[in-house]
Amino acid sequence: MSPQPRWTKSTLIFGGAALWGAVLVGCVMVNRTMLAPPAIPGAALVGNKQCAECHEEQTARASSATHAKVALAQDPKLGPTSCEACHGPGSLHVKAGGSKGTIINPQKNSETCFSCHLDKRGTFMLSNSHQVLNGKMSCGDCHDPHEGNALKGSGASIENEIETCTKCHTAQKGPFVFVHNAMKEGCTACHNPHGSVNAKMLLARDANLCLRCHLQTTSTNGTIFAGGEDHRTRLQGGTCWIAGCHETIHGSYSSKPLRY
Amino acid sequence: MNANNSFTRTAGLLAGALLLLSGASLGRAANAEADALPTFHENFLKVGVSPANVSDSKAGFMARTQMFRKGSAGIEEFNVTEELDKTTTLTVDGRALLGAEDYLASFKLTKTEVGSFEAGYKSVRTFYDGAGGFFPINNAWLPLYSRQLFVDRGAFYVNGAINLPKAPVFTFSYRNETRSGRKDSTIWGDTNQTGIPIYRPTSLNLVSASRKLIPAYINLSERRETWEVAMKQTVGATSYRFSILGTKINNHDTRTVDRNPGELSPRPALPSNPTPPLLVSPFLAANQTKGTDMMGLKEDGLTLSGRIETKLSDSAKVFLSLSQHHSEGDLAQSRLITAYIMTDAGLTTTVGGYTPGGRSPYSQSGSGTIKQDVFTGVVGLEFKPTRDLEMTAGLKGEDLQIEGNYTANYVLNMVTLTTGAVAPQSLTAPNSTKISESPWVPELSGRYTGVKDMAFWFMWDYSTLKQDERNSYVGLTTSTGPMVLTAPSGANARVKDRHSNLKVGANWTPNSMIMVRGEVFTKDHENNFTGQGTALGSYYILDYDTYGARVTATVKPMPGLSFSTRYLVQRGKAEIAEDGYVHTNSNDSRRYQLSETVDWNPNKSVYVQGNLCMFWDTIGTVYPRAGGAANDVLHNADNNFWNASVVTGYVVDKDTDAQIQGTYYKANNWNPSLAAATTPYGQGGKDYSVTVGLKHKFSDRLVGSAKVGYFKSDSETTGGFANYKGTIGWLTLDYKL
C-alpha cells in the first residue's frame, strides 16, 4: 500500500512559500524590473516645466483643469499637480527626445486613470459598458483632463454636457418635435456610461427608472399612477419603454407621449 | 491549541522573512535595465492569431468578451516611421484583425516648422447577443432566429495643420463617421407563451399571461460628417482661436418588433362565458403583429466659434468664448405594423389592421422639418489673489430656439370580422413645436494650498433656465367604428429649471507614503413646469436631489507595496408636486461603492496587482407603499454586483516573462418570484476567467508571446441560455522592422 500525498494547510503554506522564495531569489539574477502596467521601469521624475517645453497645447490651460485641483500622490519636491502623476516619470522620455513608448499615454491605456478612479475599473469590467478595457475607447474620448472640468460640457462650458455622448450617438441627439425633458438632465439621468449590470448601461432595467420622475400618488391602494393613468396592469407585461408603449424615449417626431 | 500557535508563529516568521527579502531585492531595482525585454513603438510589425473554442451560447460569449466566437487573426499593429529628410517624418500605422473586424490604416507626414497632414480609416466591431427575456415559470426562451448581431463603427479622417514660425496656426479636418449593422433592443415584443394559464371567462385570469419577452432588433445606418477649419494665434499676452465647424448627419435606423409570434385569435371567437370554464391555448390568445419602426434624420449644421484669452497680469487672466450654431433637418419616420387577423372569411394580413373597438395599430408614416439656432457666450476670469489661492469664475448665457413640424399619415385598415372586409382609412395628423430656451450658468471654483500638506478645493455652478414650449399635437384614438383623430392639443408649457451643483474637497499628503482625498457633493435640481397638462395652468414640479461623499486613500507602507481604497456613498431623493395628486417622494436611491487595489512588488522581478470592486445600488420608487397587487408588480431595482481581478507577472529567465491573470464577477439581483405578476429583470449570474501567458525574446528584433485562457459565464437572468464556456489562445510575434 503506497502512502497517499495529503494536501494539508501546512503543505500549502510551506510549499507555496518555498516556491515563492525560489522565484524571489532566482529572479533577481536578471536585471529587469517587472511592474504592473502601465509603468516605465528605470525612469525618474523631471517636473512640469520639462513637459511644457514640448507640450504647450496640453499644459497651457492645465491650471484650470479639475485634475489640477486634486493633489495626486507624487514626489513632493515636484508639487502635487505634476503631469507625471498621470503620465509617469519622464526622464527617459526627455532623454529620448520625446519618442513613443518612453512615457505613459492614458489615451492608450486607461490603467493610469484607474489608479485613482478604482471603481471605474469595476464598472468597465461589466458586460454592459463602453469598450475601454479592450482599448477600443479610452477615458479621454469623453473626458478632458487638461482643461476645465473633466466632465466635458458641465457647468459654464461653451458646449453642452449631452454633446459628449451625442457626438457618437447622433440618433439620440435630436432635435425632436416632442422631446423627453429628461434629456436636459443629461444622458446620465438614465444611463451610467461607465457601465452597469443592466442592458444599455441603464441605471435600472425596470419601471423604477421612469417612476423616479413620473410617479403620481393617489389615495387608491394597489395602483401605480403615471401620466394620469394607473399603469399597474400594463407593467405586468414589462416596463415602460417596451413595445407599443413609450418606444421613442429620447424624443419623437409624431407622438407627444413618446409612444412612437 | 499549541499546534495552532506553532503554525501561526511559523507562518508569521515566513511572511516576515519574505517581506524582508522583498525589500532587500527591491532595493537593487534602481540599477539600469540591462536585461529589459525590447518593446517596439516605431518600425515594427505585430502579427497574432487567437483561436477560440467556445461551447453553449456563442452569442453570449461574443457580447460579453467582445471577441469573435472563432477568434481572430491578422496584423495586430504595424508602424513605419521614416525620416524623409532632416525635418520631414512619415508615419504609417495599420491594423487588420479578421474575425474581430478591427481595422486601421493611416499615414501622417510631419515637417518641422511647416505643419502636418494625416489621413486614415479605422473601423471597430461591437458584438451583441440578441437576448430577449427569459421567463422562469415555464423556462421560456424565445429567440426568433440565431443571426449574428454586430455594429461596425468606422471613421475616415483627414487632418492638416500649417504651423509656420511666428505666424497663426491653421488647422483643418474632415471626418466621415459611420455606424452600421444590427443590434438588439431593450424593447421586447409580447407573448402569451409563459406557462400562465389563460381561461374563459376572463374573470378567472387573476394575472395576465402576456409578457414582453420577444427580442427585437435595430438596423443602424448612421453617418456623421464633420469638417472644421480653425485658426489660432498668440500676440503678446493675448491668444485667439476661431473656428468654423460644419456637420452633416444622415441617419436611418429601423427597429423590428414581433409581437405574439405564432398566435392568432380564432373565428368563431372563443366563448366569453363557457361552462365549464375553458382553458385557452396561448396560441389562440392574441393576434400576431410584425412591426418596423423607422426614424430618419438628415441634418446640416454650421457652428462659428471664437475664444479670446488675455493675461491681465501674472496672476489674472480673462477669457471670452462665443458660439453661434444653426442647423436644419429633414425628418422622416414610419411605423408600419402588419396585423394578422382571422375573420369568418379567412385570414387577413394588412398593415395598420384593426377591428372596430379594438386597439389602434398606430401605424403611420410621415415627414417634417426642424431647425435649431443656438447662441452661446461664456465670459470668465482666472485669478490668483494670494500665493496660495487660485480662483476661476465664469458666466455662461445661451439662447436656444427650436422650431419643428411633422405630419403623420396614419395607415389604417379596419377589418370586419364577420365578412373579412378591409376598409382602408387615411388620417393626417399635423404636429408642431416651438421651443425658446435661455439658460444662465454662473460657475465658481477655487483651490487653496495655504495649509501644510493639504489642498482644499471647491466647484460650484448654478444653472437657471427659462423655457417656453408651444406645441400642437394630434393623436389617434379608438372608437366603436373607424379610428378618429384627437382634437389638436395646444400646450403652452413654461419651464423653469434651477440646478445647483457643488463639490467641496480636501487632499492630505503628509508624506510620500500616505495620500487621502475626500469630497462631498450635492446636486439640487428643481424643474418646474406649468401649462404642461391639459388644464391651463396645470403644474408639475420635480425636485431632484443627489448628495454624497467620496474618499480615496493611497497608503504605501513600504517600497513596492501600496494599498489604494475608494469609498463612495450616494443618496438620491426626488419629490413631485403635481396638481390633482398627492405631493409625493418619488425616488429613494442609495449607492455604496467600495474599491480596493493592492500593488505589490516583492522584488524587482515580480509584481502582483489585486483589484476588488463592490457595488450596492438600489433604486426605490413606489414599493412597498403602493400596496396591494401593485407590490407584486414592482419591487425596488437592485443593481448590486462585485468583481475582482488579480494579475501577477514575473521574470522567468533572462529572456522570458510570465503573466497570470484571473477575473471574477458576481451579481445577485435575479428574483424569479416576480414572474408570478410581471417580468423579472434583475441581473443575476457569475463569470470568471483565468489566463496564463509567456513572453519571450527570441532576438533583439523579435519578441513572441503565447497565452491561453479559460472563460466561463453563467447567467440566471437569461435562464442559462446565454451561458458559455471555452478556451482561447493567443499567439503574437512582434518584429522590429
# chains A, B, ... in the order shown; residues from 1 in each chain; ligands from 1
call {"tool": "residues_around", "arguments": {"residues": "Thr188 of chain A", "least_positions_apart": "3", "cutoff": "12 Å", "atoms": "only C-alpha atoms", "output": "ChimeraX atom specification"}}
result
/A:151,161-162,164-165,182-185,191-196,200-204,209
call {"tool": "select_by_dssp", "arguments": {"residues": "segment 75-192 of chain A", "states": "helix (DSSP H, G or I)", "output": "NGL selection string"}}
result
:A and (76-78 or 84-87 or 91-95 or 111-114 or 118-124 or 139-141 or 163-166 or 170-172 or 181-185 or 187-189)
call {"tool": "atom_distance", "arguments": {"atom1": "atom CA of Gly195 of chain B", "atom2": "atom CA of Ile341 of chain B"}}
result
23.6 Å
call {"tool": "residues_around", "arguments": {"residues": "Asn109 of chain A", "least_positions_apart": "3", "cutoff": "8 Å", "atoms": "only C-alpha atoms", "output": "PyMOL selection string"}}
result
chain A and resi 38+104-106+112+135+138
call {"tool": "closest_residue", "arguments": {"among": "A:Ser252, A:Asn149, A:Ser110, A:Asn221", "to": "chain B", "atoms": "only C-alpha atoms"}}
result
A:Asn221
call {"tool": "interface_residues", "arguments": {"of": "chain B", "to": "chain A", "cutoff": "6 Å", "atoms": "only C-alpha atoms", "output": "ChimeraX atom specification"}}
result
/B:33-36,41,64,187-189,210-212,396,404,433,441,443,461,507,581-582,586-587,595,604-607,613,621,626-630,633,651,654,677-679
call {"tool": "atom_distance", "arguments": {"atom1": "atom CA of Val92 of chain B", "atom2": "atom CA of Asn159 of chain B"}}
result
14.4 Å
call {"tool": "residues_around", "arguments": {"residues": "segment 50-52 of chain A", "least_positions_apart": "2", "cutoff": "10 Å", "atoms": "only C-alpha atoms", "output": "list in words"}}
result
Val46, Gly47, Asn48, Cys54, His55, Glu56, Glu57, Gln58, Thr59, Ala60, Ser82, Cys83, Glu84, Gly90, Ser91, His93, Val94 and Gly98 of chain A
call {"tool": "residues_around", "arguments": {"residues": "Ile370 of chain B", "least_positions_apart": "3", "cutoff": "7 Å", "atoms": "only C-alpha atoms", "output": "PyMOL selection string"}}
result
chain B and resi 328-330+403-405
